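Reviewing the structure listed below.
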Amino acid sequence: MQQQQLHDISPWNQNNDDLLTVTEQQVDEFKTNYENFQQQQDKYKKQKVIKVNTINCRGETRLIRKLISKYNWKEVFNDGDICMLGLPFKQQNYDEYFTQSVNRFPGMDLLAHKTQSSFYLNKFAQYFPDEYQFFPKTYIIPDEFDKFQKEYKSTRTYIAKPDAGSQGDGIYLIKNLKDIKNYESIVIQSYISKPLLIDKKKFDLRLYVLITSLDPYICYINKEGLARFCTVDYEKPNDKNIKNPFMHLTNYSLNKRNTNFQVYNGQNILDINEGTKRTYSSIKKNLEILGYNNKDIEDEIETLVVAYLKSLLPFLEFNQKLVFQKRVSEVKCFQVLGFDILLDEKGKPWLLEVNSNPSLQIEHEVFQANGKSVFEESLIDSYVKELVVGDAIKLAMMSKEDQEELQGFESYKKLDIDQSETIFSKIMQIYGFLSGYKFQEYLTSSKFQKLASFPQMISQTFLKHDYDLLFRKIILRSCNTNLMDFFQFINAIEQLADKLNQDLEEMLDRIIQNF
Ligand code: ADP
């Protein structure tokens with residue numbers, strides 16, 4: 001109850017309308033709660049000097065050094081309290097995880113691959129259709145080319161994205177099936193053709209989410225973020241404009257090359273301005289004027305983030321166990337993720353992508369009249385990223401118990417994620433069990449065949465030797481011809497339920513009960 005009250009008056013909860021009609025007693029209660037809340041926050045603000053190890057920093061070095069000087073922390077090149085890795089987890093960083101907090105979870109780089117991350121999101125949408133209405137319909141090509149051909153509608157526009165692409169590279173819009181240039185490892189997605197426009201331009205949001213622990217699962221969303229604008233007025237896709245990236249793609253790296261690109265480096269970064277990159281706070285002011293309800297939009301975004309994080313958990317747990325095995329409880333990982341969200345004209349948020357390595361650069365390239373470019377500090381990037389990373393480091397330094405007590409800290413609001421089992425956590429448990437007492441990244445056919453020994457796992461039409469056939473069929477397209485990965489295992493277990501004519505969830509429960 002106490003926590004609930006604290007939450008109600010916390011700055012992350014903007015819906016305090018009911019406080020407008022309050023009694024004196026309620027005002028006193030509010031004041032006491034507010035003072036308690038402030039004291040609680042102040043306690044955590046007074047932190048010891050944090051030793052930040054920057055030896056493995058990359059593009060974020062300037063930001064980290066700025067934070068070190070702002071908060072009087074200490075830069076170290078050996079050990080320290082916190083280790084900032086500029087690149088995804090690699091086995092050579094293994095030892096660092098036992099002495100410091102490290103800003104990467106193993107396995108998170110999966111998100112960099114559009115085919116894998118889309119496969120996973122598609123699966124969530126398949127199992128929880130009501131909760132996953134926020135992910136545009138996506139086809140993984142070449143595997144789902146036939147399905148795409150069948151479901152393709154000539155009245156719709158689609159967007160094709162290369163598997164390992166980023167910053168808008170290689171992305172193109174499709175109106176016609178024959179426009180698919182090649183179908184080697186790309187994803188094709190329904191194009192949101194009626195985006196919400198500000199100043200007639202399309203924009204998307206980059207919001208930041210922080211994970212500080214898997215057990216218990218502790219995640220936060222930052223109240224601030226960035227909005228990235230296109231540099232040409234938006235029109236619905238047609239034959240003339242379909243190839244204009246400055247109209248359809250909001251990527252900053254792309255739009256900065258357009259002559260219409262506008263850098264806003266004034267002081268009013270939290271207010272409405274005309275820049276190509278703006279703060280989320282400034283966008284909310286625009287949205288209010290346009291008649292949108294920011295509270296509803298934020299709630300929908302939060303619901304989307306929570307659904308996504310819930311599904312990600314079994315995958316992260318698996319990877320942590322895979323890497324750290326028996327020492328998994330000793331490690332302290334945290335990570336900031338970048339959620340790319342597009343609002344449509346109704347104000348509905350769509351999740352375009354989750355970035356495991358969001359840019360933490362605080363400089364931007366400014367092109368001069370002579371065609372040359374210089375790098376300058378961007379006030380907007382600095383403001384947002386100092387909040388995002390500075391407060392993430394402060395939170396990562398707190399104990400799990402303290403974090404559990406708090407409903408948020410500084411710019412981060414804690415998210416309430418239901419941790420009950422899902423179909424994915426069950427599939428993951430079975431995958432871990434089959435791989436042996438050590439979690440292995442891949443399954444061999446003989447390990448997969450262990451499933452046949454569980455009750456009701458063979459039938460008159462699906463016998464033990466059929467397991468090997470199914471295994472081979474599933475791994476047929478992969479380069480690793482003898483091993484099955486987790487994603488293929490999801491497909492395999494679905495097909496098994498189908499072949500045995502069983503309900504998938506009941507089948508999973510029965511296997512787990514008989515471990
Ligand atoms: P990248 O990782 O290369 O930036 P994204 O998936 O983020 O790839 O897409 C790049 C840009 O294309 C987005 O920032 C957005 O402006 C636009 N975009 C991507 N998917 C869609 C979509 N389904 N509907 C409308 N616009 C999209």
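Just so we're on the same page: first chain in the structure tokens is A, next is B, and so on; residues restart at 1 for each chain, and ligands are numbered from 1 in the order they show up.
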TODO: Using only C-alpha atoms and all ligand atoms, find each residue with an atom at most 7 Å away from ligand 1 and format the answer as JSON, numbers by chain.
DONE: {"A": [136, 159, 161, 165, 166, 167, 168, 169, 171, 189, 190, 191, 192, 193, 203, 204, 248, 249, 250, 251, 340, 352, 353]}
Can I get the residues of segment 377-437 of chain A within 9 Å of segment 86-110 of chain A, each with the closest pair of atoms and their distance in Å to one decimal, using only C-alpha atoms, sorted chain first then ascending number, as a tab-separated table?
residue	atom	partner	partner_atom	distance
A:Ile393	CA	A:Asn103	CA	8.7
A:Ala396	CA	A:Ser101	CA	7.0
A:Met397	CA	A:Ser101	CA	7.5
Open item on the list: Residues within 7 Å of Tyr234 of chain A, please, as a count of residues only. Count only C-alpha atoms; anything in the same chain fewer than 6 positions from it doesn't count.
Closed with: 4
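Coordinates place atom CA of Glu302 of chain A at a distance of 25.6 Å from atom CA of Met428 of chain A.
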Task: Using only C-alpha atoms: which of A:Gln495, A:Gln456, A:Thr461, A:Asn56 has the shortest distance to Ile474 of chain A - done: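 Ranking A:Gln495, A:Gln456, A:Thr461, A:Asn56 by distance to Ile474 of chain A, first place goes to A:Gln495.
Atom CA of Ala492 of chain A lies 9.3 Å from atom CA of Ile475 of chain A.
Between atom CA of Asn72 of chain A and atom CA of Glu386 of chain A the interatomic distance comes to 14.1 Å.
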